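So this block is input39.txt, compact mmCIF, C-alpha atoms:
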# COMPACT_ATOMS: atom_id res chain seq x y z
CA MET A 112 -14.09 25.86 30.19
CA PRO A 113 -10.61 24.81 31.46
CA LYS A 114 -7.82 25.63 29.00
CA TRP A 115 -6.72 22.02 28.77
CA GLU A 116 -10.02 21.18 27.08
CA ASN A 117 -8.87 23.18 24.06
CA ASN A 118 -6.50 20.30 23.34
CA VAL A 119 -9.06 17.50 23.57
CA ARG A 120 -9.80 15.51 20.42
CA ARG A 121 -13.57 15.63 20.10
CA VAL A 122 -15.53 13.05 18.15
CA ILE A 123 -19.12 11.89 18.02
CA PRO A 124 -18.76 8.30 19.27
CA TYR A 125 -20.26 5.15 17.85
CA THR A 126 -23.46 4.08 19.62
CA PRO A 127 -23.32 0.34 20.32
CA GLY A 128 -26.41 -1.82 20.50
CA GLU A 129 -28.10 -1.89 23.88
CA GLN A 130 -27.03 -4.69 26.23
CA PRO A 131 -29.73 -4.50 28.95
CA LYS A 132 -29.88 -6.78 31.96
CA ILE A 133 -33.58 -7.59 31.71
CA ARG A 134 -34.78 -11.00 32.76
CA ASP A 135 -36.43 -13.18 30.09
CA LEU A 136 -35.54 -10.67 27.38
CA ILE A 137 -35.74 -11.75 23.74
CA LYS A 138 -32.67 -9.97 22.44
CA LEU A 139 -32.83 -9.35 18.69
CA ASN A 140 -30.94 -6.06 18.48
CA THR A 141 -27.21 -6.75 18.07
CA ASN A 142 -27.01 -9.58 15.49
CA GLU A 143 -25.54 -12.04 17.97
CA ASN A 144 -25.82 -15.73 17.16
CA PRO A 145 -28.70 -17.32 19.12
CA TYR A 146 -26.88 -20.65 19.34
CA PRO A 147 -23.99 -21.40 21.72
CA PRO A 148 -20.40 -21.79 20.56
CA SER A 149 -18.97 -25.23 19.87
CA GLU A 150 -18.38 -27.45 22.88
CA ARG A 151 -14.75 -27.57 21.75
CA VAL A 152 -14.47 -23.86 22.50
CA LEU A 153 -15.78 -24.32 26.03
CA GLU A 154 -13.44 -27.24 26.56
CA ALA A 155 -10.45 -25.20 25.36
CA LEU A 156 -11.29 -22.43 27.80
CA ARG A 157 -11.74 -24.88 30.69
CA ASN A 158 -8.32 -26.36 29.94
CA LEU A 159 -6.40 -23.08 30.10
CA GLU A 160 -3.63 -23.37 32.67
CA ALA A 161 -2.55 -20.73 35.17
CA GLU A 162 0.91 -20.65 33.61
CA THR A 163 -0.65 -19.77 30.26
CA LEU A 164 -2.58 -16.86 31.73
CA ARG A 165 0.45 -15.63 33.71
CA ARG A 166 2.41 -14.99 30.54
CA TYR A 167 1.85 -12.50 27.75
CA PRO A 168 0.20 -14.02 24.69
CA ASP A 169 2.09 -14.60 21.46
CA PRO A 170 2.17 -11.14 19.80
CA ALA A 171 1.89 -12.78 16.37
CA SER A 172 -1.02 -15.00 17.47
CA ALA A 173 0.60 -17.62 15.27
CA LEU A 174 -1.72 -20.53 16.13
CA LEU A 175 -4.82 -18.46 15.46
CA THR A 176 -3.32 -16.94 12.31
CA GLU A 177 -2.59 -20.43 10.99
CA ALA A 178 -6.12 -21.58 11.82
CA VAL A 179 -7.63 -18.61 9.93
CA ALA A 180 -5.27 -19.18 7.00
CA LYS A 181 -6.26 -22.83 6.72
CA HIS A 182 -9.94 -21.91 6.94
CA CYS A 183 -9.62 -19.32 4.16
CA GLY A 184 -7.27 -21.37 1.98
CA VAL A 185 -4.32 -18.95 2.07
CA SER A 186 -0.82 -18.86 3.52
CA PRO A 187 -0.41 -17.41 7.05
CA ASP A 188 1.53 -14.38 5.76
CA ARG A 189 -1.73 -13.22 4.15
CA VAL A 190 -3.66 -13.11 7.44
CA PHE A 191 -3.91 -10.44 10.14
CA VAL A 192 -5.85 -11.09 13.37
CA GLY A 193 -7.22 -8.60 15.88
CA VAL A 194 -9.61 -7.99 18.74
CA GLY A 195 -12.81 -8.36 16.77
CA SER A 196 -13.27 -7.02 13.25
CA ASP A 197 -13.66 -3.52 14.75
CA ASP A 198 -10.01 -3.62 15.86
CA VAL A 199 -8.94 -4.95 12.47
CA LEU A 200 -10.92 -2.25 10.66
CA ALA A 201 -9.57 0.53 12.88
CA MET A 202 -6.01 -0.64 12.18
CA SER A 203 -6.87 -0.74 8.48
CA PHE A 204 -8.13 2.86 8.53
CA LEU A 205 -4.88 3.96 10.18
CA THR A 206 -2.76 1.94 7.77
CA PHE A 207 -4.28 2.41 4.34
CA PHE A 208 -6.22 5.68 4.38
CA ALA A 209 -3.34 8.17 4.78
CA SER A 210 -3.31 9.85 1.35
CA GLY A 211 -5.17 12.97 2.43
CA ARG A 212 -7.80 12.36 -0.27
CA PRO A 213 -11.36 11.52 0.78
CA ILE A 214 -12.21 7.88 1.29
CA LEU A 215 -15.59 6.66 0.04
CA PHE A 216 -18.26 4.57 1.74
CA PRO A 217 -22.08 4.36 1.63
CA ASP A 218 -24.31 6.87 3.38
CA ILE A 219 -26.27 4.05 5.02
CA THR A 220 -23.78 1.58 6.39
CA TYR A 221 -21.90 0.49 9.50
CA SER A 222 -21.87 3.65 11.59
CA PHE A 223 -18.35 3.12 12.94
CA TYR A 224 -16.82 4.15 9.58
CA ASP A 225 -17.41 7.87 9.96
CA VAL A 226 -16.38 7.69 13.63
CA TRP A 227 -12.97 6.23 12.73
CA ALA A 228 -12.57 8.71 9.88
CA GLN A 229 -13.21 11.61 12.25
CA LEU A 230 -11.04 10.14 15.02
CA PHE A 231 -8.06 9.59 12.70
CA ARG A 232 -8.61 12.84 10.78
CA ILE A 233 -9.28 11.04 7.51
CA PRO A 234 -11.39 13.01 5.00
CA TYR A 235 -14.38 11.09 3.72
CA GLU A 236 -17.39 11.36 1.46
CA THR A 237 -20.48 9.19 1.74
CA GLN A 238 -22.15 7.90 -1.41
CA PRO A 239 -25.96 7.52 -1.34
CA LEU A 240 -27.51 4.10 -1.70
CA ASP A 241 -30.22 3.95 -4.35
CA GLU A 242 -33.94 3.71 -3.57
CA ASN A 243 -33.55 -0.05 -3.05
CA PHE A 244 -30.65 0.42 -0.60
CA ARG A 245 -28.09 -0.79 -3.14
CA ILE A 246 -24.58 0.56 -3.64
CA VAL A 247 -24.31 2.44 -6.94
CA ASN A 248 -21.07 1.28 -8.55
CA ARG A 249 -20.44 4.38 -10.65
CA ASP A 250 -20.25 6.52 -7.50
CA TYR A 251 -16.97 4.75 -6.74
CA TYR A 252 -15.45 5.19 -10.20
CA ARG A 253 -13.57 8.40 -9.41
CA GLU A 254 -10.47 9.65 -7.65
CA ASN A 255 -10.44 8.80 -3.96
CA GLY A 256 -8.19 7.91 -1.05
CA GLY A 257 -9.65 4.42 -0.54
CA ILE A 258 -12.94 2.57 -0.39
CA ILE A 259 -14.69 0.55 2.29
CA PHE A 260 -18.11 -1.08 2.32
CA PRO A 261 -19.75 -4.05 4.07
CA ASN A 262 -21.05 -6.95 2.05
CA PRO A 263 -23.76 -7.79 2.97
CA ASN A 264 -24.32 -4.19 3.97
CA ALA A 265 -25.43 -3.24 7.47
CA PRO A 266 -28.05 -2.35 8.57
CA THR A 267 -29.81 -3.15 5.29
CA GLY A 268 -28.63 -6.77 4.77
CA VAL A 269 -28.30 -6.22 1.01
CA LEU A 270 -25.71 -8.48 -0.63
CA LYS A 271 -23.67 -7.13 -3.52
CA GLY A 272 -22.88 -9.68 -6.22
CA LEU A 273 -19.26 -10.70 -6.61
CA ASP A 274 -19.26 -9.46 -10.22
CA GLU A 275 -20.18 -5.96 -9.00
CA VAL A 276 -17.50 -6.05 -6.30
CA HIS A 277 -15.07 -7.04 -9.05
CA ARG A 278 -16.03 -3.99 -11.13
CA ILE A 279 -15.41 -1.63 -8.19
CA LEU A 280 -11.99 -3.19 -7.73
CA GLU A 281 -11.18 -2.86 -11.44
CA HIS A 282 -11.85 0.88 -11.24
CA ASN A 283 -9.76 1.32 -8.06
CA ARG A 284 -6.47 -0.51 -8.48
CA ASP A 285 -4.41 2.38 -7.05
CA VAL A 286 -6.04 2.59 -3.61
CA ALA A 287 -6.89 0.13 -0.85
CA VAL A 288 -10.36 -1.39 -1.14
CA ILE A 289 -11.69 -2.96 2.06
CA VAL A 290 -14.67 -5.32 1.94
CA ASP A 291 -16.16 -5.84 5.41
CA GLU A 292 -17.69 -9.33 5.43
CA ALA A 293 -18.99 -9.67 8.98
CA TYR A 294 -22.16 -11.38 7.69
CA ILE A 295 -20.91 -13.16 4.59
CA ASP A 296 -21.46 -16.69 5.96
CA PHE A 297 -25.22 -16.08 5.99
CA SER A 298 -25.14 -15.43 2.25
CA GLY A 299 -24.07 -19.00 1.56
CA THR A 300 -26.34 -21.45 -0.18
CA GLU A 301 -27.67 -24.68 1.27
CA GLU A 302 -25.44 -26.58 -1.15
CA GLU A 303 -22.34 -24.69 0.00
CA LEU A 304 -23.08 -25.38 3.65
CA LYS A 305 -23.72 -29.07 3.03
CA SER A 306 -20.52 -29.38 0.99
CA GLY A 307 -18.38 -28.02 3.84
CA CYS A 308 -17.30 -24.95 1.86
CA ASN A 309 -15.55 -22.34 4.03
CA VAL A 310 -15.61 -19.55 1.44
CA PRO A 311 -19.05 -18.72 0.00
CA ALA A 312 -19.17 -17.97 -3.71
CA SER A 313 -20.25 -14.42 -2.84
CA SER A 314 -17.14 -13.70 -0.74
CA ALA A 315 -14.48 -11.29 -1.99
CA LEU A 316 -11.94 -13.83 -0.73
CA ASN A 317 -12.39 -15.30 -4.20
CA LEU A 318 -10.74 -12.15 -5.63
CA ILE A 319 -7.69 -11.68 -3.42
CA ASP A 320 -5.31 -13.37 -5.85
CA GLU A 321 -6.36 -10.97 -8.60
CA PHE A 322 -6.17 -7.71 -6.63
CA ASP A 323 -3.19 -6.99 -4.38
CA ASN A 324 -4.97 -3.89 -3.01
CA LEU A 325 -7.99 -5.84 -1.70
CA LEU A 326 -8.42 -6.46 2.02
CA VAL A 327 -11.26 -8.73 3.17
CA VAL A 328 -12.26 -8.43 6.84
CA GLN A 329 -14.27 -11.10 8.68
CA THR A 330 -15.22 -11.98 12.24
CA SER A 331 -16.09 -14.85 14.57
CA SER A 332 -18.76 -12.73 16.29
CA LYS A 333 -21.68 -13.66 14.04
CA SER A 334 -21.65 -17.10 12.43
CA MET A 335 -19.23 -18.57 15.02
CA SER A 336 -21.08 -17.42 18.18
CA LEU A 337 -17.99 -15.74 19.67
CA ALA A 338 -18.99 -12.08 19.97
CA GLY A 339 -17.87 -12.18 23.59
CA MET A 340 -14.32 -13.30 22.71
CA ARG A 341 -13.61 -10.51 20.18
CA ILE A 342 -11.84 -12.28 17.31
CA GLY A 343 -11.55 -10.76 13.86
CA TRP A 344 -9.20 -11.12 10.92
CA ALA A 345 -8.22 -9.66 7.57
CA VAL A 346 -7.01 -11.49 4.47
CA GLY A 347 -5.09 -9.78 1.70
CA SER A 348 -1.77 -9.72 -0.07
CA SER A 349 1.31 -10.39 2.07
CA ARG A 350 2.38 -6.79 1.41
CA MET A 351 -0.86 -5.41 2.88
CA ILE A 352 -0.55 -7.67 5.92
CA ARG A 353 3.03 -6.50 6.56
CA TYR A 354 1.85 -2.90 6.58
CA LEU A 355 -0.98 -3.76 8.98
CA ASN A 356 1.41 -5.50 11.36
CA ASP A 357 3.74 -2.48 11.32
CA VAL A 358 0.87 -0.31 12.55
CA LYS A 359 -0.27 -2.91 15.08
CA TYR A 360 3.20 -3.24 16.62
CA SER A 361 3.39 0.56 16.83
CA PHE A 362 0.12 0.59 18.76
CA ASN A 363 -0.21 -2.56 20.91
CA SER A 364 1.86 -5.70 20.48
CA TYR A 365 -0.31 -7.97 22.65
CA THR A 366 -3.78 -7.46 21.23
CA MET A 367 -5.13 -11.02 21.39
CA SER A 368 -5.61 -12.63 24.80
CA GLN A 369 -4.57 -16.20 25.55
CA ALA A 370 -8.24 -17.09 26.01
CA ALA A 371 -9.26 -15.59 22.65
CA ILE A 372 -6.48 -17.43 20.83
CA ALA A 373 -7.48 -20.74 22.44
CA ALA A 374 -11.18 -20.20 21.75
CA GLY A 375 -10.59 -19.16 18.15
CA CYS A 376 -8.41 -22.15 17.35
CA ALA A 377 -10.97 -24.50 18.88
CA ALA A 378 -13.80 -22.90 16.92
CA PHE A 379 -12.02 -23.36 13.60
CA SER A 380 -11.59 -27.06 14.43
CA ASP A 381 -15.37 -27.58 14.51
CA MET A 382 -16.72 -25.86 11.42
CA ASP A 383 -19.28 -28.59 10.76
CA TYR A 384 -21.07 -27.49 13.94
CA TYR A 385 -21.10 -23.84 12.86
CA ARG A 386 -22.30 -24.64 9.36
CA THR A 387 -25.24 -26.50 10.94
CA CYS A 388 -26.10 -23.47 13.09
CA THR A 389 -25.78 -21.13 10.12
CA ALA A 390 -28.14 -23.31 8.10
CA LYS A 391 -30.69 -23.12 10.94
CA ILE A 392 -30.49 -19.32 11.00
CA ILE A 393 -30.88 -19.06 7.23
CA ALA A 394 -33.91 -21.37 7.32
CA THR A 395 -35.50 -19.34 10.13
CA ARG A 396 -34.76 -16.09 8.25
CA GLU A 397 -36.52 -17.34 5.14
CA ARG A 398 -39.54 -18.48 7.13
CA VAL A 399 -39.78 -15.16 8.99
CA LYS A 400 -39.52 -13.23 5.72
CA SER A 401 -42.66 -14.98 4.52
CA GLU A 402 -44.56 -14.34 7.75
CA LEU A 403 -43.57 -10.67 7.90
CA SER A 404 -44.62 -10.21 4.27
CA GLU A 405 -48.06 -11.60 5.13
CA LEU A 406 -48.32 -8.94 7.86
CA GLY A 407 -47.57 -6.18 5.34
CA PHE A 408 -43.94 -5.55 6.19
CA ARG A 409 -41.54 -4.61 3.43
CA PHE A 410 -37.81 -5.20 3.42
CA PRO A 411 -34.86 -5.65 1.08
CA ASP A 412 -33.75 -9.22 0.56
CA SER A 413 -31.18 -10.11 3.20
CA GLY A 414 -27.94 -12.03 2.91
CA ALA A 415 -27.25 -11.54 6.62
CA ASN A 416 -28.58 -12.83 9.96
CA PHE A 417 -31.05 -9.97 10.26
CA LEU A 418 -33.92 -8.29 8.41
CA PHE A 419 -34.37 -4.56 7.83
CA VAL A 420 -38.12 -4.02 7.86
CA THR A 421 -40.68 -1.26 7.51
CA HIS A 422 -44.47 -1.16 7.52
CA PRO A 423 -46.50 1.35 5.49
CA GLU A 424 -49.11 1.81 8.23
CA TYR A 425 -47.13 1.60 11.47
CA LYS A 426 -44.26 3.80 12.61
CA ALA A 427 -41.06 1.95 13.38
CA ALA A 428 -40.40 4.06 16.48
CA ASP A 429 -43.79 3.08 17.92
CA LEU A 430 -43.29 -0.60 17.14
CA PHE A 431 -39.82 -0.45 18.70
CA ARG A 432 -41.26 0.89 21.97
CA GLN A 433 -44.16 -1.57 21.99
CA LEU A 434 -41.84 -4.51 21.38
CA ARG A 435 -39.54 -3.37 24.16
CA GLN A 436 -42.45 -3.28 26.58
CA GLU A 437 -43.00 -6.94 25.68
CA LYS A 438 -39.32 -7.64 26.41
CA ILE A 439 -38.52 -8.07 22.72
CA LEU A 440 -35.57 -5.88 21.84
CA VAL A 441 -34.84 -4.91 18.21
CA ARG A 442 -32.68 -2.09 16.77
CA TYR A 443 -34.06 1.29 15.77
CA PHE A 444 -31.95 3.93 14.00
CA ASP A 445 -33.24 7.49 14.25
CA LYS A 446 -31.41 8.60 11.12
CA PRO A 447 -32.39 10.13 7.78
CA ARG A 448 -33.84 7.69 5.20
CA ILE A 449 -34.03 4.80 7.69
CA ASP A 450 -36.00 6.28 10.59
CA ASN A 451 -39.03 4.16 9.73
CA TYR A 452 -37.13 0.85 9.69
CA LEU A 453 -36.35 -1.75 12.32
CA ARG A 454 -33.40 -4.12 12.17
CA ILE A 455 -34.42 -7.51 13.53
CA THR A 456 -31.79 -10.11 14.34
CA ILE A 457 -32.76 -13.67 13.46
CA GLY A 458 -33.00 -15.62 16.71
CA THR A 459 -34.13 -19.14 17.47
CA ASP A 460 -37.43 -20.37 16.07
CA ALA A 461 -39.03 -19.91 19.49
CA GLN A 462 -37.81 -16.31 19.75
CA MET A 463 -39.02 -15.46 16.26
CA ASN A 464 -42.38 -17.11 16.98
CA ALA A 465 -42.81 -14.79 19.96
CA LEU A 466 -41.98 -11.78 17.79
CA ILE A 467 -44.43 -12.79 15.07
CA ALA A 468 -47.15 -13.55 17.61
CA PHE A 469 -46.84 -10.07 19.11
CA LEU A 470 -46.83 -8.38 15.71
CA LYS A 471 -49.95 -10.29 14.70
CA LYS A 472 -51.74 -9.02 17.82
CA THR A 473 -50.52 -5.46 17.24
CA ILE A 474 -51.00 -5.11 13.50
CA CYS A 475 -53.99 -7.33 12.66
Could the structure of this file be written out as structure tokens, please?
Amino acid sequence: MPKWENNVRRVIPYTPGEQPKIRDLIKLNTNENPYPPSERVLEALRNLEAETLRRYPDPASALLTEAVAKHCGVSPDRVFVGVGSDDVLAMSFLTFFASGRPILFPDITYSFYDVWAQLFRIPYETQPLDENFRIVNRDYYRENGGIIFPNPNAPTGVLKGLDEVHRILEHNRDVAVIVDEAYIDFSGTEEELKSGCNVPASSALNLIDEFDNLLVVQTSSKSMSLAGMRIGWAVGSSRMIRYLNDVKYSFNSYTMSQAAIAAGCAAFSDMDYYRTCTAKIIATRERVKSELSELGFRFPDSGANFLFVTHPEYKAADLFRQLRQEKILVRYFDKPRIDNYLRITIGTDAQMNALIAFLKKTIC
């Protein structure tokens, strides 16, 4: 081994969902939105001028920051934007988890958390979900260097009630608590969507005025059909946002592209369209839950745009391979406790009909 390799920082990388180039594939493995972005987004991208692309983007992404702030009902100094929520979360790990004490997060959760902790040399301890894949609050009522968890959780889809999130925050006022809400819009009720509400009752955004150590991270990748543009944001106290910006400007001043800023601003101007799409996905999810139950599948209730399913008589790994042969791609995690589960993204009604039809042939 060359001597220079002794100085290499070695980590076990995150494994992203497969993005195969297979014709006529039904892609239900990466929780992408099956519906296109708003026409206003496409129009904004078509109208970008050469002069705009020739110049560096605004390092503060002021227009996008203001759009997020208006959407969330806060002042712009309480918003941080980044290249997808992954960028925002990575910056948050660097910024807030520097005490040297272990940070806490669930054992079954977004698998980038332990990657960032290892990459940034942050000690961490995972806390086991209970037998129903729920976070156990008391596991987070002890000394730590910070807390992070998704709500709804991934890959389980389990939504933690706002009262329980509040209790975790009450027990952890002296450290940063990050709530990763990539899927929160799919936890909204029909009434909330019809009313034009931007902040679901289940969102921790409802707690940011009470806790100055709370950071809520969201994304346009799921409910806003913009996974390809990479737009994420965090909302917290102005003090937290100042610290985040200090780290960002020490790392990369120009994180958001001109195209992403334009697309994001246009998306926030057409929230009625996205609420309609979200309502469709929720309706399809509820219908598919019923059909999968009839086939014998079991799963925790989901507040996200996916289902986390298992069958007592059929191995998930076998079903994963059989579905792939039919050009239906779902996500399989070969990990302890969840190696007999499949995560199925909710697609269009036609896509889900094809999935159910195949499962009926295979299982019945």
Could you give me, as a Markdown table, every stretch 349-445 of chain A residue with an atom at most 12 Å from stretch 149-155 of chain A, plus its closest atom pair and distance in Å to one decimal, counting all atoms listed in the file, rows ordered by chain then number?
| residue | atom | partner | partner_atom | distance |
| --- | --- | --- | --- | --- |
| A:Gln369 | CA | A:Ala155 | CA | 10.8 |
| A:Ala370 | CA | A:Ala155 | CA | 8.4 |
| A:Ala371 | CA | A:Val152 | CA | 9.8 |
| A:Ile372 | CA | A:Ala155 | CA | 9.8 |
| A:Ala373 | CA | A:Ala155 | CA | 6.1 |
| A:Ala374 | CA | A:Val152 | CA | 5.0 |
| A:Gly375 | CA | A:Val152 | CA | 7.5 |
| A:Cys376 | CA | A:Val152 | CA | 8.1 |
| A:Ala377 | CA | A:Val152 | CA | 5.1 |
| A:Ala378 | CA | A:Val152 | CA | 5.7 |
| A:Phe379 | CA | A:Val152 | CA | 9.2 |
| A:Ser380 | CA | A:Arg151 | CA | 8.0 |
| A:Asp381 | CA | A:Ser149 | CA | 6.9 |
| A:Met382 | CA | A:Ser149 | CA | 8.8 |
| A:Asp383 | CA | A:Ser149 | CA | 9.7 |
| A:Tyr384 | CA | A:Ser149 | CA | 6.7 |
| A:Tyr385 | CA | A:Ser149 | CA | 7.5 |
| A:Arg386 | CA | A:Ser149 | CA | 11.0 |
| A:Thr387 | CA | A:Ser149 | CA | 11.0 |
| A:Cys388 | CA | A:Ser149 | CA | 10.0 |
Which residues, written as a ChimeraX atom specification, have at least one atom at most 10 Å from A:Ala201, with all atoms listed in the file counted and residues fewer than 2 positions away on the same chain left out? /A:193,196-199,203-206,223-224,226-228,230-231
Residues just named, written with C-alpha atoms as a PDB file, in the coordinates of the input:
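Below is the file that was written, selection_9.pdb:
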ATOM      1  CA  GLY A 193      -7.220  -8.600  15.880  1.00  0.00           C
ATOM      2  CA  SER A 196     -13.270  -7.020  13.250  1.00  0.00           C
ATOM      3  CA  ASP A 197     -13.660  -3.520  14.750  1.00  0.00           C
ATOM      4  CA  ASP A 198     -10.010  -3.620  15.860  1.00  0.00           C
ATOM      5  CA  VAL A 199      -8.940  -4.950  12.470  1.00  0.00           C
ATOM      6  CA  SER A 203      -6.870  -0.740   8.480  1.00  0.00           C
ATOM      7  CA  PHE A 204      -8.130   2.860   8.530  1.00  0.00           C
ATOM      8  CA  LEU A 205      -4.880   3.960  10.180  1.00  0.00           C
ATOM      9  CA  THR A 206      -2.760   1.940   7.770  1.00  0.00           C
ATOM     10  CA  PHE A 223     -18.350   3.120  12.940  1.00  0.00           C
ATOM     11  CA  TYR A 224     -16.820   4.150   9.580  1.00  0.00           C
ATOM     12  CA  VAL A 226     -16.380   7.690  13.630  1.00  0.00           C
ATOM     13  CA  TRP A 227     -12.970   6.230  12.730  1.00  0.00           C
ATOM     14  CA  ALA A 228     -12.570   8.710   9.880  1.00  0.00           C
ATOM     15  CA  LEU A 230     -11.040  10.140  15.020  1.00  0.00           C
ATOM     16  CA  PHE A 231      -8.060   9.590  12.700  1.00  0.00           C
TER      17      PHE A 231
END
Report, in Å to a single decimal, how far apart atom CA of A:Leu139 and atom CA of A:Val441 are. 4.9 Å
Neighbouring residues of A:Glu236 were defined as those with any atom within 12 Å, considering all atoms listed in the file; residues of the same chain fewer than 5 positions away were excluded. Please report them as a PyMOL selection string. chain A and resi 212-218+224-225+228-229+250-251+253-259
Nearest candidate to A:Leu280 (options A:Asp323, A:Glu292, A:Glu302, A:Asp450; using all atoms listed in the file): A:Asp323
